[in-house]
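Peer 1: Would you mind keeping the following structure in view while I ask a few things?
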Amino acid sequence: QVQLVESGGGLVQPGGSLRLSCVASGLTYSRSTVSWYRQAPGKERELVASITMAGGVTNYGASAQGRFTISRDNAMNTVYLQMNSLKPEDTAIYSCSALLPGIRYWGQGTQVTVSA
C-alpha cells in the first residue's frame, strides 16, 4: 500500500517561493513515477511536474516551465516541488500522485495561495 503525504503549502506573496514536499511510503522506486498536479477552483486538474523515481527523468507542464523544479530524495522517500516566481494564477490545491503499473495513488493535497 502506497501512502502520500504532502506538506509545504501556504500563503505567499506574488514573486515569492514555496517548496512542497511529498513523502511517499510503500513506494517501489524502480517502477514508479511521482507527479505533482494542481487544481484551481472552477478549473480542471493539470499536471505541474513529474519525475521517475529510478532515473530521475523529469517532465513539466507548460505552467511550470522555467519556474518550478521537481526533485527526489530516494533515501527520504520524498519528492519535492520548488516553486519560484509565484503568480496569483498559481493558486490551487497541489496534490502528489504516484503511478505504478496498473494503479495510481493520490495524496490529500496542500493549498497554495498566492496573494498580496
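Just remember, in the C-alpha cells the first chain shown is A, the second B, etc., residues are 1-based per chain, and ligands are 1-based in the order shown.
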Tell me, as a tab-separated table (two decimals) with C-alpha atoms, in the first residue's frame, which residues lie within 6 Å of A:Ile51, counting only C-alpha atoms; anything in the same chain fewer than 5 positions away does not count.
Peer 2:
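Listed below is the output, around_37.tsv:
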chain	number	residue	atom	x	y	z
A	33	THR	CA	6.63	7.97	-11.38
A	34	VAL	CA	5.64	10.64	-8.90
A	56	GLY	CA	15.07	10.96	-12.11
A	57	VAL	CA	13.69	11.83	-15.54
A	58	THR	CA	11.56	14.95	-15.27
Peer 1: With only C-alpha atoms as the counted atoms, please give the residues lying no more than 9 Å from stretch 18-25 of chain A, apart from itself and same-chain residues fewer than 4 positions off, as a PyMOL selection string.
Peer 2: chain A and resi 1-10+12+34+36+76-84+86+94-98+107+110+112
Peer 1: Of the candidates A:Gln39, A:Ser50, A:Ser17, A:Asn59, which one gets nearest to A:Gly109 if we count only C-alpha atoms?
Peer 2: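 Once distances to A:Gly109 are computed over only C-alpha atoms, the minimum belongs to A:Gln39.
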Peer 1: Provide the atom CA of A:Ala116 to atom CA of A:Gln13 distance in Å, to one decimal place.
Peer 2: 5.0 Å
Peer 1: How would you write, as a PDB file with N, CA and C atoms, in the first residue's frame, the set of residues in stretch 8-56 of chain A that DSSP gives as strand (DSSP E or B)?
Peer 2:
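Ended up saving to part_19.pdb:
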ATOM      1  N   GLY A  10       0.824  27.018   1.592  1.00  0.00           N
ATOM      2  CA  GLY A  10       0.565  28.179   2.431  1.00  0.00           C
ATOM      3  C   GLY A  10       0.276  29.402   1.610  1.00  0.00           C
ATOM      4  N   LEU A  11       0.339  30.541   2.281  1.00  0.00           N
ATOM      5  CA  LEU A  11       0.103  31.830   1.648  1.00  0.00           C
ATOM      6  C   LEU A  11       1.441  32.499   1.346  1.00  0.00           C
ATOM      7  N   VAL A  12       1.591  32.957   0.124  1.00  0.00           N
ATOM      8  CA  VAL A  12       2.835  33.614  -0.268  1.00  0.00           C
ATOM      9  C   VAL A  12       2.493  34.794  -1.167  1.00  0.00           C
ATOM     10  N   LEU A  18       7.888  28.815  -2.662  1.00  0.00           N
ATOM     11  CA  LEU A  18       7.475  27.773  -1.731  1.00  0.00           C
ATOM     12  C   LEU A  18       8.109  26.464  -2.165  1.00  0.00           C
ATOM     13  N   ARG A  19       8.348  25.579  -1.208  1.00  0.00           N
ATOM     14  CA  ARG A  19       8.783  24.231  -1.544  1.00  0.00           C
ATOM     15  C   ARG A  19       7.788  23.243  -0.960  1.00  0.00           C
ATOM     16  N   LEU A  20       7.183  22.473  -1.834  1.00  0.00           N
ATOM     17  CA  LEU A  20       6.258  21.434  -1.413  1.00  0.00           C
ATOM     18  C   LEU A  20       7.008  20.113  -1.269  1.00  0.00           C
ATOM     19  N   SER A  21       6.565  19.323  -0.310  1.00  0.00           N
ATOM     20  CA  SER A  21       7.153  18.007  -0.099  1.00  0.00           C
ATOM     21  C   SER A  21       6.068  16.943  -0.175  1.00  0.00           C
ATOM     22  N   CYS A  22       6.433  15.798  -0.712  1.00  0.00           N
ATOM     23  CA  CYS A  22       5.533  14.643  -0.779  1.00  0.00           C
ATOM     24  C   CYS A  22       6.304  13.437  -0.248  1.00  0.00           C
ATOM     25  N   VAL A  23       5.917  12.965   0.919  1.00  0.00           N
ATOM     26  CA  VAL A  23       6.529  11.766   1.481  1.00  0.00           C
ATOM     27  C   VAL A  23       5.728  10.566   1.003  1.00  0.00           C
ATOM     28  N   ALA A  24       6.427   9.666   0.328  1.00  0.00           N
ATOM     29  CA  ALA A  24       5.772   8.517  -0.296  1.00  0.00           C
ATOM     30  C   ALA A  24       6.215   7.230   0.393  1.00  0.00           C
ATOM     31  N   SER A  25       5.375   6.709   1.244  1.00  0.00           N
ATOM     32  CA  SER A  25       5.719   5.467   1.919  1.00  0.00           C
ATOM     33  C   SER A  25       5.164   4.285   1.142  1.00  0.00           C
ATOM     34  N   THR A  33       6.478   6.562 -11.030  1.00  0.00           N
ATOM     35  CA  THR A  33       6.627   7.968 -11.378  1.00  0.00           C
ATOM     36  C   THR A  33       5.781   8.764 -10.395  1.00  0.00           C
ATOM     37  N   VAL A  34       6.365   9.780  -9.829  1.00  0.00           N
ATOM     38  CA  VAL A  34       5.637  10.644  -8.902  1.00  0.00           C
ATOM     39  C   VAL A  34       5.425  11.995  -9.554  1.00  0.00           C
ATOM     40  N   SER A  35       4.223  12.494  -9.441  1.00  0.00           N
ATOM     41  CA  SER A  35       3.858  13.740 -10.108  1.00  0.00           C
ATOM     42  C   SER A  35       3.198  14.693  -9.127  1.00  0.00           C
ATOM     43  N   TRP A  36       3.303  15.961  -9.464  1.00  0.00           N
ATOM     44  CA  TRP A  36       2.522  16.996  -8.803  1.00  0.00           C
ATOM     45  C   TRP A  36       1.455  17.481  -9.792  1.00  0.00           C
ATOM     46  N   TYR A  37       0.230  17.508  -9.312  1.00  0.00           N
ATOM     47  CA  TYR A  37      -0.875  18.068 -10.067  1.00  0.00           C
ATOM     48  C   TYR A  37      -1.442  19.247  -9.254  1.00  0.00           C
ATOM     49  N   ARG A  38      -2.188  20.088  -9.931  1.00  0.00           N
ATOM     50  CA  ARG A  38      -2.875  21.157  -9.219  1.00  0.00           C
ATOM     51  C   ARG A  38      -4.262  21.360  -9.810  1.00  0.00           C
ATOM     52  N   GLN A  39      -5.141  21.859  -8.950  1.00  0.00           N
ATOM     53  CA  GLN A  39      -6.494  22.171  -9.404  1.00  0.00           C
ATOM     54  C   GLN A  39      -6.955  23.441  -8.723  1.00  0.00           C
ATOM     55  N   GLU A  46      -4.530  19.884 -13.572  1.00  0.00           N
ATOM     56  CA  GLU A  46      -3.471  19.888 -14.582  1.00  0.00           C
ATOM     57  C   GLU A  46      -2.166  19.363 -13.990  1.00  0.00           C
ATOM     58  N   LEU A  47      -1.378  18.770 -14.859  1.00  0.00           N
ATOM     59  CA  LEU A  47      -0.064  18.284 -14.459  1.00  0.00           C
ATOM     60  C   LEU A  47       0.876  19.468 -14.286  1.00  0.00           C
ATOM     61  N   VAL A  48       1.570  19.482 -13.152  1.00  0.00           N
ATOM     62  CA  VAL A  48       2.589  20.501 -12.921  1.00  0.00           C
ATOM     63  C   VAL A  48       3.966  19.957 -13.297  1.00  0.00           C
ATOM     64  N   ALA A  49       4.313  18.804 -12.736  1.00  0.00           N
ATOM     65  CA  ALA A  49       5.620  18.204 -12.998  1.00  0.00           C
ATOM     66  C   ALA A  49       5.605  16.751 -12.565  1.00  0.00           C
ATOM     67  N   SER A  50       6.493  15.961 -13.163  1.00  0.00           N
ATOM     68  CA  SER A  50       6.622  14.559 -12.774  1.00  0.00           C
ATOM     69  C   SER A  50       8.079  14.156 -12.797  1.00  0.00           C
ATOM     70  N   ILE A  51       8.378  13.071 -12.069  1.00  0.00           N
ATOM     71  CA  ILE A  51       9.749  12.572 -12.015  1.00  0.00           C
ATOM     72  C   ILE A  51       9.708  11.057 -11.848  1.00  0.00           C
ATOM     73  N   THR A  52      10.575  10.356 -12.576  1.00  0.00           N
ATOM     74  CA  THR A  52      10.684   8.911 -12.388  1.00  0.00           C
ATOM     75  C   THR A  52      11.589   8.653 -11.194  1.00  0.00           C
TER      76      THR A  52
END
Peer 1: Would you please work out which residue, of A:Tyr105, A:Ala75, A:Thr28, A:Gln111, is nearest to A:Ala92 when using only C-alpha atoms?
Peer 2: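 Under the stated criterion, the closest residue is A:Gln111.
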Peer 1: I'd like the interatomic distance between atom CA of A:Ser32 and atom CA of A:Gln65, to a tenth of an Å.
Peer 2: 22.4 Å
Peer 1: Using only C-alpha atoms for the distances, tell me which of A:Arg67, A:Arg31, A:Arg45, A:Arg104 is nearest to A:Gly15.
Peer 2: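 The shortest atom-to-atom distance to A:Gly15 comes from A:Arg67.
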Peer 1: At a cut-off of 8 Å, using only C-alpha atoms, what residues contact A:Pro88? Leave out same-chain residues fewer than 3 positions from it and give the result as a ChimeraX atom specification.
Peer 2: /A:14,91,113-115
Peer 1: Would you save the residues of that selection, restricted to C-alpha atoms, as a PDB file, in the first residue's frame?
Peer 2:
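That gives us selection_35.pdb:
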ATOM      1  CA  PRO A  14       3.455  37.254  -5.748  1.00  0.00           C
ATOM      2  CA  THR A  91      -3.217  29.494  -6.534  1.00  0.00           C
ATOM      3  CA  THR A 113      -2.401  30.695  -2.221  1.00  0.00           C
ATOM      4  CA  VAL A 114      -0.519  33.463  -3.973  1.00  0.00           C
ATOM      5  CA  SER A 115      -1.839  36.839  -2.960  1.00  0.00           C
TER       6      SER A 115
END
Peer 1: What does the distance between atom CA of A:Lys43 and atom CA of A:Ile103 come to in Å, to one decimal place?
Peer 2: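 Separation between atom CA of A:Lys43 and atom CA of A:Ile103: 24.4 Å.
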Peer 1: Among the residues of stretch 17-82 of chain A, find those DSSP assigns to helix (DSSP H, G or I) from the backbone and print them as a PyMOL selection string.
Peer 2: chain A and resi 29-31+74-76
Peer 1: I need the chosen residues saved as an mmCIF file, in the first residue's frame, with C-alpha atoms.
Peer 2:
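Below is the file that was written, selection_0.cif:
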data_model
loop_
_atom_site.group_PDB
_atom_site.id
_atom_site.type_symbol
_atom_site.label_atom_id
_atom_site.label_comp_id
_atom_site.auth_asym_id
_atom_site.auth_seq_id
_atom_site.Cartn_x
_atom_site.Cartn_y
_atom_site.Cartn_z
ATOM 1 C CA TYR A 29 11.150 3.074 -6.705
ATOM 2 C CA SER A 30 12.147 1.106 -9.770
ATOM 3 C CA ARG A 31 8.695 1.179 -11.335
ATOM 4 C CA ASN A 74 15.001 8.320 -2.506
ATOM 5 C CA ALA A 75 16.680 7.896 0.861
ATOM 6 C CA MET A 76 13.983 10.104 2.415
#
